[in-house]
file data_13.cif (mmCIF, C-alpha atoms and all ligand atoms)
data_model
#
loop_
_atom_site.label_atom_id
_atom_site.label_comp_id
_atom_site.auth_asym_id
_atom_site.auth_seq_id
_atom_site.Cartn_x
_atom_site.Cartn_y
_atom_site.Cartn_z
CA MET A 21 -25.66 14.08 9.02
CA TYR A 22 -28.74 16.29 9.06
CA THR A 23 -31.46 17.52 11.35
CA ALA A 24 -35.01 18.03 10.21
CA GLN A 25 -37.82 20.11 11.59
CA GLY A 26 -41.28 21.00 10.37
CA ASN A 27 -42.58 19.23 7.28
CA PHE A 28 -39.65 16.85 6.96
CA THR A 29 -39.43 15.34 10.47
CA ALA A 30 -41.22 12.05 9.70
CA PRO A 31 -38.75 9.21 8.88
CA GLU A 32 -40.21 8.51 5.44
CA LYS A 33 -39.98 12.24 4.57
CA GLN A 34 -36.40 12.34 5.83
CA GLN A 35 -35.62 9.44 3.52
CA LYS A 36 -37.22 11.34 0.63
CA LEU A 37 -35.18 14.42 1.53
CA THR A 38 -31.97 12.39 1.56
CA GLN A 39 -32.81 11.07 -1.91
CA ILE A 40 -33.43 14.62 -3.19
CA LEU A 41 -30.16 15.82 -1.70
CA LEU A 42 -28.25 12.93 -3.23
CA THR A 43 -29.66 13.60 -6.70
CA ARG A 44 -29.51 17.41 -6.62
CA ASP A 45 -27.06 19.27 -8.80
CA SER A 46 -25.89 22.87 -9.01
CA ARG A 47 -29.06 23.92 -10.86
CA PHE A 48 -31.04 23.64 -7.65
CA GLU A 49 -28.89 25.73 -5.36
CA TYR A 50 -29.97 29.13 -4.09
CA PRO A 51 -31.51 31.26 -5.47
CA ASN A 52 -33.11 28.68 -7.75
CA PRO A 53 -36.27 27.24 -6.26
CA ALA A 54 -36.27 23.51 -5.56
CA SER A 55 -39.95 23.05 -6.26
CA SER A 56 -39.11 21.23 -9.47
CA LEU A 57 -37.64 18.47 -7.28
CA ASP A 58 -40.50 18.29 -4.83
CA THR A 59 -43.62 20.37 -4.43
CA GLU A 60 -43.10 20.59 -0.67
CA LEU A 61 -39.59 22.03 -1.04
CA ALA A 62 -39.13 25.76 -1.67
CA PHE A 63 -35.33 26.22 -1.64
CA LEU A 64 -32.10 24.34 -1.11
CA ILE A 65 -29.57 26.76 0.34
CA PRO A 66 -25.96 25.63 0.87
CA LEU A 67 -24.30 26.53 4.19
CA VAL A 68 -20.92 27.76 3.04
CA ALA A 69 -18.09 28.82 5.36
CA GLY A 70 -14.94 29.93 3.52
CA ASP A 71 -14.77 27.59 0.56
CA LYS A 72 -16.32 24.66 2.39
CA GLU A 73 -19.92 23.52 2.09
CA MET A 74 -20.96 22.59 5.66
CA GLY A 75 -24.47 21.44 4.86
CA ILE A 76 -27.64 22.43 3.10
CA LEU A 77 -30.67 24.20 4.47
CA CYS A 78 -33.79 22.72 2.91
CA LEU A 79 -36.70 25.11 3.15
CA SER A 80 -40.12 23.65 2.70
CA SER A 81 -42.94 25.73 1.28
CA LYS A 82 -44.84 27.95 3.70
CA THR A 83 -47.86 26.25 5.27
CA THR A 84 -49.92 29.19 3.97
CA ARG A 85 -48.57 28.39 0.46
CA GLN A 86 -47.58 32.08 0.07
CA ALA A 87 -44.39 32.71 -1.86
CA PHE A 88 -41.21 33.76 -0.03
CA SER A 89 -40.64 37.51 -0.38
CA SER A 90 -37.21 38.92 -1.28
CA ASP A 91 -36.98 40.24 2.33
CA ASP A 92 -37.57 36.70 3.63
CA ILE A 93 -34.78 35.49 1.41
CA TYR A 94 -32.31 38.19 2.49
CA LEU A 95 -33.03 37.40 6.13
CA ILE A 96 -32.63 33.66 5.58
CA GLN A 97 -29.41 34.20 3.65
CA GLY A 98 -27.99 36.35 6.46
CA LEU A 99 -28.92 33.80 9.12
CA ILE A 100 -27.49 30.98 7.07
CA SER A 101 -24.08 32.59 6.66
CA VAL A 102 -23.84 33.12 10.45
CA ALA A 103 -25.03 29.53 11.05
CA ALA A 104 -22.42 28.15 8.63
CA VAL A 105 -19.54 29.95 10.38
CA SER A 106 -20.80 28.87 13.83
CA LEU A 107 -21.12 25.28 12.63
CA ARG A 108 -17.58 25.32 11.21
CA ASN A 109 -16.22 26.72 14.50
CA ALA A 110 -18.08 24.11 16.54
CA LEU A 111 -16.69 21.32 14.34
CA LEU A 112 -13.16 22.74 14.59
CA LEU A 113 -13.45 22.93 18.39
CA ARG A 114 -14.66 19.33 18.53
CA GLU A 115 -11.74 18.23 16.34
CA VAL A 116 -9.27 20.02 18.61
CA SER A 117 -10.80 18.50 21.75
CA ILE A 118 -10.75 14.98 20.22
CA ARG A 119 -7.12 15.52 19.21
CA ASP A 120 -6.19 16.69 22.71
CA THR A 121 -7.86 13.67 24.29
CA PHE A 122 -6.14 11.43 21.76
CA ILE A 123 -2.73 12.92 22.51
CA SER A 124 -3.15 12.66 26.28
CA ILE A 125 -4.50 9.08 26.26
CA ALA A 126 -2.16 7.82 23.55
CA SER A 127 0.90 9.37 25.16
CA HIS A 128 0.00 8.01 28.59
CA GLU A 129 -0.94 4.58 27.25
CA LEU A 130 2.27 4.38 25.20
CA ARG A 131 4.69 6.19 27.46
CA SER A 132 4.01 4.43 30.75
CA PRO A 133 4.52 0.86 29.42
CA LEU A 134 7.60 2.01 27.49
CA THR A 135 9.09 3.56 30.63
CA SER A 136 8.44 0.29 32.43
CA ILE A 137 10.07 -1.80 29.66
CA ILE A 138 13.17 0.41 29.60
CA GLY A 139 13.38 0.37 33.41
CA TYR A 140 13.28 -3.43 33.73
CA ALA A 141 15.57 -3.94 30.71
CA GLU A 142 18.16 -1.63 32.30
CA LEU A 143 17.88 -3.50 35.61
CA LEU A 144 18.48 -6.77 33.77
CA LEU A 145 21.53 -5.29 32.07
CA ARG A 146 23.08 -3.98 35.29
CA ARG A 147 22.20 -6.66 37.83
CA GLN A 148 22.32 -10.41 38.20
CA PRO A 149 19.08 -11.07 40.13
CA PRO A 150 17.97 -14.51 41.35
CA GLU A 151 16.08 -16.56 38.73
CA THR A 152 12.57 -15.86 40.16
CA THR A 153 13.17 -12.06 40.14
CA ARG A 154 14.58 -12.29 36.61
CA GLN A 155 11.42 -14.11 35.52
CA GLN A 156 9.24 -11.39 37.14
CA TRP A 157 11.13 -8.59 35.39
CA LEU A 158 10.89 -10.37 32.04
CA THR A 159 7.13 -10.89 32.60
CA HIS A 160 6.76 -7.12 33.22
CA ILE A 161 8.59 -6.44 29.96
CA VAL A 162 6.39 -8.84 27.97
CA ASP A 163 3.13 -7.54 29.57
CA ASN A 164 4.01 -3.93 28.87
CA GLY A 165 5.06 -4.80 25.32
CA LYS A 166 1.61 -6.36 24.85
CA ARG A 167 -0.04 -3.17 26.17
CA ILE A 168 1.74 -1.10 23.53
CA THR A 169 0.82 -3.56 20.77
CA SER A 170 -2.81 -3.52 21.85
CA MET A 171 -2.92 0.31 21.90
CA ALA A 172 -1.29 0.44 18.44
CA ASP A 173 -3.82 -2.14 17.15
CA ASP A 174 -6.74 -0.11 18.56
CA LEU A 175 -5.46 3.07 16.93
CA LEU A 176 -4.97 1.31 13.59
CA ASN A 177 -8.47 -0.19 13.76
CA VAL A 178 -10.03 3.20 14.55
CA THR A 179 -8.17 4.77 11.60
CA ARG A 180 -9.37 1.98 9.30
CA ILE A 181 -12.97 2.47 10.48
CA GLN A 182 -12.84 6.24 10.08
CA THR A 183 -11.29 6.09 6.63
CA GLY A 184 -13.75 3.41 5.47
CA LYS A 185 -10.97 0.81 5.05
CA VAL A 186 -12.31 -2.03 7.22
CA SER A 187 -12.19 -5.31 5.32
CA MET A 188 -14.83 -7.77 6.56
CA LYS A 189 -14.34 -11.42 5.63
CA LEU A 190 -17.77 -12.87 6.36
CA GLU A 191 -17.97 -16.64 6.82
CA HIS A 192 -20.53 -19.12 8.17
CA VAL A 193 -19.01 -19.90 11.53
CA ASP A 194 -19.67 -22.20 14.50
CA LEU A 195 -19.54 -19.74 17.37
CA PRO A 196 -18.88 -22.15 20.30
CA GLU A 197 -15.33 -22.78 19.08
CA ILE A 198 -14.53 -19.04 18.98
CA LEU A 199 -16.26 -18.42 22.32
CA ASN A 200 -14.38 -21.24 24.05
CA GLU A 201 -11.06 -20.08 22.64
CA ARG A 202 -11.51 -16.44 23.71
CA LEU A 203 -12.84 -17.41 27.14
CA ASP A 204 -9.75 -19.56 27.72
CA MET A 205 -7.52 -16.61 26.83
CA VAL A 206 -9.26 -14.27 29.27
CA LYS A 207 -9.45 -16.92 32.06
CA GLU A 208 -5.64 -16.88 32.12
CA THR A 209 -5.66 -13.22 33.14
CA SER A 210 -7.61 -13.50 36.41
CA GLN A 211 -7.67 -15.80 39.39
CA LYS A 212 -10.30 -13.66 41.14
CA HIS A 213 -13.12 -14.39 38.72
CA GLU A 214 -15.29 -17.40 38.07
CA PHE A 215 -16.09 -17.97 34.39
CA PHE A 216 -19.09 -19.71 32.93
CA LEU A 217 -20.02 -20.50 29.31
CA LYS A 218 -23.74 -20.94 28.57
CA LEU A 219 -24.68 -22.13 25.08
CA ASP A 220 -28.16 -22.49 23.60
CA ALA A 221 -28.74 -26.13 22.56
CA GLY A 222 -29.78 -25.47 18.95
CA LEU A 223 -27.36 -22.66 18.21
CA PRO A 224 -27.14 -22.05 14.45
CA LYS A 225 -23.96 -20.98 12.69
CA ALA A 226 -23.47 -17.23 12.36
CA LEU A 227 -22.39 -15.10 9.42
CA VAL A 228 -19.42 -13.17 10.83
CA ASP A 229 -15.79 -12.25 10.27
CA PRO A 230 -14.36 -14.90 12.63
CA ASP A 231 -11.24 -13.02 13.62
CA LYS A 232 -12.98 -9.71 14.28
CA PHE A 233 -15.87 -11.44 16.06
CA GLY A 234 -13.33 -13.21 18.29
CA GLN A 235 -11.69 -9.88 19.11
CA VAL A 236 -15.10 -8.38 19.96
CA VAL A 237 -15.83 -11.22 22.41
CA GLN A 238 -12.36 -10.97 23.93
CA ASN A 239 -12.78 -7.23 24.34
CA LEU A 240 -16.11 -7.60 26.15
CA LEU A 241 -14.71 -10.37 28.34
CA SER A 242 -11.64 -8.38 29.31
CA ASN A 243 -13.81 -5.35 30.10
CA ALA A 244 -15.99 -7.60 32.31
CA VAL A 245 -12.84 -8.64 34.21
CA LYS A 246 -11.33 -5.12 34.31
CA TYR A 247 -14.47 -3.43 35.55
CA SER A 248 -15.24 -5.97 38.28
CA PRO A 249 -12.04 -5.48 40.29
CA ASN A 250 -13.42 -7.41 43.27
CA GLY A 251 -13.95 -10.51 41.14
CA GLY A 252 -17.21 -12.43 40.82
CA LEU A 253 -18.96 -14.38 38.13
CA VAL A 254 -18.41 -13.60 34.43
CA VAL A 255 -20.91 -15.35 32.15
CA LEU A 256 -20.48 -15.69 28.39
CA SER A 257 -23.73 -16.81 26.69
CA ALA A 258 -24.92 -17.44 23.16
CA ASN A 259 -28.60 -17.74 22.24
CA ARG A 260 -30.66 -17.99 19.12
CA ASP A 261 -33.11 -15.15 18.43
CA ALA A 262 -35.38 -17.01 16.01
CA THR A 263 -37.75 -14.11 15.38
CA ARG A 264 -34.99 -11.80 14.15
CA ASN A 265 -32.90 -14.65 12.71
CA LYS A 266 -29.91 -13.61 14.79
CA VAL A 267 -27.48 -15.14 17.24
CA VAL A 268 -27.11 -13.08 20.41
CA VAL A 269 -23.88 -13.33 22.39
CA SER A 270 -23.71 -11.67 25.79
CA VAL A 271 -21.09 -11.07 28.47
CA SER A 272 -22.21 -10.30 31.99
CA ASP A 273 -20.28 -9.34 35.09
CA ARG A 274 -20.97 -8.44 38.72
CA GLY A 275 -18.80 -5.37 38.62
CA ILE A 276 -19.04 -1.61 39.11
CA GLY A 277 -21.91 -1.14 36.64
CA ILE A 278 -22.66 1.92 34.51
CA SER A 279 -25.20 4.66 35.27
CA PRO A 280 -27.90 5.39 32.65
CA GLU A 281 -26.31 8.83 31.94
CA ASP A 282 -22.90 7.26 31.26
CA GLN A 283 -24.36 4.51 29.06
CA GLU A 284 -25.19 7.12 26.40
CA PHE A 285 -21.55 7.94 25.64
CA LEU A 286 -19.92 4.51 25.92
CA PHE A 287 -19.46 3.86 22.22
CA ILE A 288 -17.70 7.14 21.39
CA THR A 289 -13.96 7.13 20.69
CA PHE A 290 -11.75 7.83 23.72
CA HIS A 291 -14.71 8.04 26.08
CA ARG A 292 -13.79 6.66 29.50
CA ILE A 293 -16.02 6.99 32.54
CA GLN A 294 -14.37 8.98 35.32
CA ARG A 295 -15.44 7.57 38.71
CA PRO A 296 -13.48 6.78 41.86
CA GLU A 297 -14.00 3.07 40.99
CA THR A 298 -12.40 3.43 37.53
CA ARG A 299 -9.28 5.20 38.82
CA GLY A 300 -6.24 3.06 38.13
CA ILE A 301 -8.00 0.83 35.57
CA ARG A 302 -6.08 1.13 32.32
CA GLY A 303 -7.62 1.61 28.91
CA SER A 304 -7.79 3.73 25.80
CA GLY A 305 -11.56 4.23 25.52
CA LEU A 306 -11.46 2.75 22.00
CA GLY A 307 -12.58 -0.83 22.62
CA LEU A 308 -16.35 -0.36 22.65
CA TYR A 309 -16.25 2.01 19.68
CA ILE A 310 -14.47 -0.68 17.64
CA VAL A 311 -16.89 -3.36 18.92
CA LYS A 312 -19.93 -1.35 17.78
CA GLU A 313 -18.52 -0.38 14.39
CA TRP A 314 -17.40 -3.93 13.55
CA ILE A 315 -20.61 -5.59 14.72
CA GLU A 316 -22.73 -3.12 12.75
CA ALA A 317 -20.55 -3.75 9.69
CA MET A 318 -21.38 -7.48 10.11
CA GLY A 319 -25.10 -6.56 10.03
CA GLY A 320 -25.58 -6.82 13.79
CA SER A 321 -26.14 -4.53 16.75
CA VAL A 322 -24.76 -3.88 20.25
CA TRP A 323 -26.59 -2.91 23.43
CA LEU A 324 -26.26 -3.23 27.18
CA GLU A 325 -28.11 -3.53 30.45
CA SER A 326 -26.40 -2.28 33.55
CA GLU A 327 -27.02 -1.19 37.09
CA LEU A 328 -24.60 0.90 39.08
CA ASN A 329 -22.58 -1.20 41.57
CA LYS A 330 -24.45 -4.37 40.55
CA GLY A 331 -22.92 -5.26 37.18
CA SER A 332 -23.33 -5.06 33.43
CA THR A 333 -24.35 -7.25 30.53
CA PHE A 334 -23.21 -6.36 27.01
CA PHE A 335 -25.09 -7.97 24.10
CA VAL A 336 -24.06 -8.33 20.46
CA SER A 337 -26.37 -9.77 17.84
CA VAL A 338 -25.13 -11.08 14.49
CA PRO A 339 -26.97 -12.65 11.54
CA ALA A 340 -27.66 -16.38 11.91
CA SER A 341 -26.74 -18.56 8.94
CA ASN A 342 -29.83 -19.98 7.27
CA SER A 343 -30.68 -21.67 4.01
CA SER A 344 -31.07 -18.31 2.23
CA ASN A 345 -27.62 -16.97 3.09
CA LEU A 346 -25.73 -20.28 3.47
CA ASN A 347 -23.48 -21.14 0.56
P1 LIG A 401 -11.38 1.13 27.90
O1 LIG A 401 -10.12 0.93 27.15
O2 LIG A 401 -11.43 2.41 28.68
O3 LIG A 401 -11.79 -0.04 28.72
P2 LIG A 401 -13.80 0.73 26.26
O4 LIG A 401 -14.16 1.47 25.02
O5 LIG A 401 -13.69 -0.74 26.20
O6 LIG A 401 -12.45 1.42 26.74
O7 LIG A 401 -14.86 1.12 27.36
C1 LIG A 401 -15.24 2.49 27.53
C2 LIG A 401 -15.63 2.74 28.98
O8 LIG A 401 -16.83 2.01 29.27
C3 LIG A 401 -14.62 2.24 29.97
O9 LIG A 401 -13.61 3.22 30.21
C4 LIG A 401 -15.47 1.97 31.21
O10 LIG A 401 -15.63 3.17 31.94
C5 LIG A 401 -16.82 1.58 30.62
N1 LIG A 401 -17.04 0.10 30.62
C6 LIG A 401 -16.81 -0.76 29.62
N2 LIG A 401 -17.15 -2.03 29.96
C7 LIG A 401 -17.60 -1.96 31.21
C8 LIG A 401 -18.12 -2.93 32.15
N3 LIG A 401 -18.23 -4.23 31.83
N4 LIG A 401 -18.50 -2.48 33.38
C9 LIG A 401 -18.41 -1.17 33.72
N5 LIG A 401 -17.94 -0.21 32.88
C10 LIG A 401 -17.53 -0.59 31.66
#
call {"tool": "encode", "arguments": {"input": "data_13.cif", "output": "structure tokens", "more": "lines below"}}
Ligand code: ADP
result
Amino acid sequence: MYTAQGNFTAPEKQQKLTQILLTRDSRFEYPNPASSLDTELAFLIPLVAGDKEMGILCLSSKTTRQAFSSDDIYLIQGLISVAAVSLRNALLLREVSIRDTFISIASHELRSPLTSIIGYAELLLRRQPPETTRQQWLTHIVDNGKRITSMADDLLNVTRIQTGKVSMKLEHVDLPEILNERLDMVKETSQKHEFFLKLDAGLPKALVDPDKFGQVVQNLLSNAVKYSPNGGLVVLSANRDATRNKVVVSVSDRGIGISPEDQEFLFITFHRIQRPETRGIRGSGLGLYIVKEWIEAMGGSVWLESELNKGSTFFVSVPASNSSNLN
């Protein structure tokens, strides 16, 4: 990750800078000038805190073309060492806050279903309830067991993403089959909602990991149900985007909607919107992060349109199969 100002702000220059940084070696670190790598670059100065390199300051040549004086360099060096320590502290703080959020969400999301399972199992051990009550208690046990499994799966998937261990098995797939299957699964979970599947007539196959794509669709559908607690229409659509050679799948609901400010943070791990309307709706805040990471790893993208208290539509685009990538 880097930020650029001055001479290297333009995207093509940033690309050039990235290339230089990737090819640099120890010869070019401060105080050696970097002008041998690029005439616009004066110095590459590592930001070191303790024994850790936090980043590199790339100084371009002065616009006046004058050389840097030794005073300039002392000043820059002093500022850089303070910046490196501040950066390290900020990163440490962020790590601690992510860990705290993780612990509080994970413990709540694991503990409360476990307490429920133990409670109903103990009741079953001690009492002889009528058959309908017994069925209800067993259903609670199964549902809460599923909640724990789903939380554990989310955590495992996040770990795989963050350690670069996601394995994508891309195949040329007919999407309607997957969409129908996942819609049927989510339909089972709500009697309040009406569900509708809308498919483009000439829908091409798509190049996706079928299992992960199915989980993405299911995730968006269950969010649509969860975040429209008063019910309403949930529409699952698939369309061809011929200009970009993509298939676009969308899920829309008539639920609580998301404000423009909140939309910015939706795809970050553990981020859950805190509003009176979301109180009591369960979740880990990991679903949309996984959706985005997986879809991008399939060569697609994710976006949304939403209006507060009116509803939301989430879109995912994935590469369409065509003669050049069909085999
Ligand atoms: P969660 O497990 O909390 O549902 P997600 O990562 O799937 O986690 O979603 C992150 C947050 O985005 C949710 O907590 C919710 O506030 C918001 N959100 C997701 N989908 C919708 C939707 N269809 N309508 C309104 N808000 C949504």
call {"tool": "closest_residue", "arguments": {"input": "data_13.cif", "among": "A:Leu175, A:Ala317, A:Ile181, A:Ile198", "to": "ligand LIG 401 (chain A)", "atoms": "all atoms listed in the file"}}
result
A:Leu175
call {"tool": "residues_near_ligand", "arguments": {"input": "data_13.cif", "ligand": "ligand LIG 401 (chain A)", "cutoff": "7 Å", "atoms": "all atoms listed in the file", "output": "VMD selection string"}}
result
chain A and resid 239 to 240 243 to 244 247 to 248 273 275 to 278 286 to 287 290 to 294 298 302 to 309 331 to 333
call {"tool": "atom_distance", "arguments": {"input": "data_13.cif", "atom1": "atom CA of Lys330 of chain A", "atom2": "atom CA of Arg274 of chain A"}}
result
5.7 Å
call {"tool": "atom_distance", "arguments": {"input": "data_13.cif", "atom1": "atom CA of Leu223 of chain A", "atom2": "atom CA of Phe335 of chain A"}}
result
16.0 Å
call {"tool": "closest_residue", "arguments": {"input": "data_13.cif", "among": "A:Ser326, A:Glu191, A:Phe122, A:Ala62", "to": "Gln86 of chain A", "atoms": "only C-alpha atoms"}}
result
A:Ala62
call {"tool": "atom_distance", "arguments": {"input": "data_13.cif", "atom1": "atom CA of Asp194 of chain A", "atom2": "atom CA of Glu208 of chain A"}}
result
23.1 Å
call {"tool": "closest_residue", "arguments": {"input": "data_13.cif", "among": "A:Ser80, A:Gln148, A:Thr43, A:Ser337", "to": "Phe233 of chain A", "atoms": "all atoms listed in the file"}}
result
A:Ser337
call {"tool": "residues_near_point", "arguments": {"input": "data_13.cif", "point": "(-31.0, 24.9, 1.7)", "cutoff": "7 Å", "atoms": "all atoms listed in the file", "output": "PyMOL selection string"}}
result
chain A and resi 63-66+76-79
call {"tool": "closest_residue", "arguments": {"input": "data_13.cif", "among": "A:His160, A:Asn265, A:Lys232, A:Ala103", "to": "Leu144 of chain A", "atoms": "only C-alpha atoms"}}
result
A:His160
call {"tool": "closest_residue", "arguments": {"input": "data_13.cif", "among": "A:Gln97, A:Ser187, A:Ser117, A:Asn177", "to": "Val311 of chain A", "atoms": "all atoms listed in the file"}}
result
A:Asn177
call {"tool": "closest_residue", "arguments": {"input": "data_13.cif", "among": "A:Phe285, A:Leu241, A:Val338, A:Asp229", "to": "Val267 of chain A", "atoms": "all atoms listed in the file"}}
result
A:Val338
call {"tool": "residues_around", "arguments": {"input": "data_13.cif", "residues": "Val68 of chain A", "least_positions_apart": "5", "cutoff": "9 Å", "atoms": "only C-alpha atoms", "output": "VMD selection string"}}
result
chain A and resid 73 to 76 100 to 101 104 to 105
call {"tool": "write_last_selection", "arguments": {"input": "data_13.cif", "atoms": "C-alpha atoms", "output": "tab-separated table (two decimals), in the frame of the given file"}}
result
chain	number	residue	atom	x	y	z
A	73	GLU	CA	-19.92	23.52	2.09
A	74	MET	CA	-20.96	22.59	5.66
A	75	GLY	CA	-24.47	21.44	4.86
A	76	ILE	CA	-27.64	22.43	3.10
A	100	ILE	CA	-27.49	30.98	7.07
A	101	SER	CA	-24.08	32.59	6.66
A	104	ALA	CA	-22.42	28.15	8.63
A	105	VAL	CA	-19.54	29.95	10.38
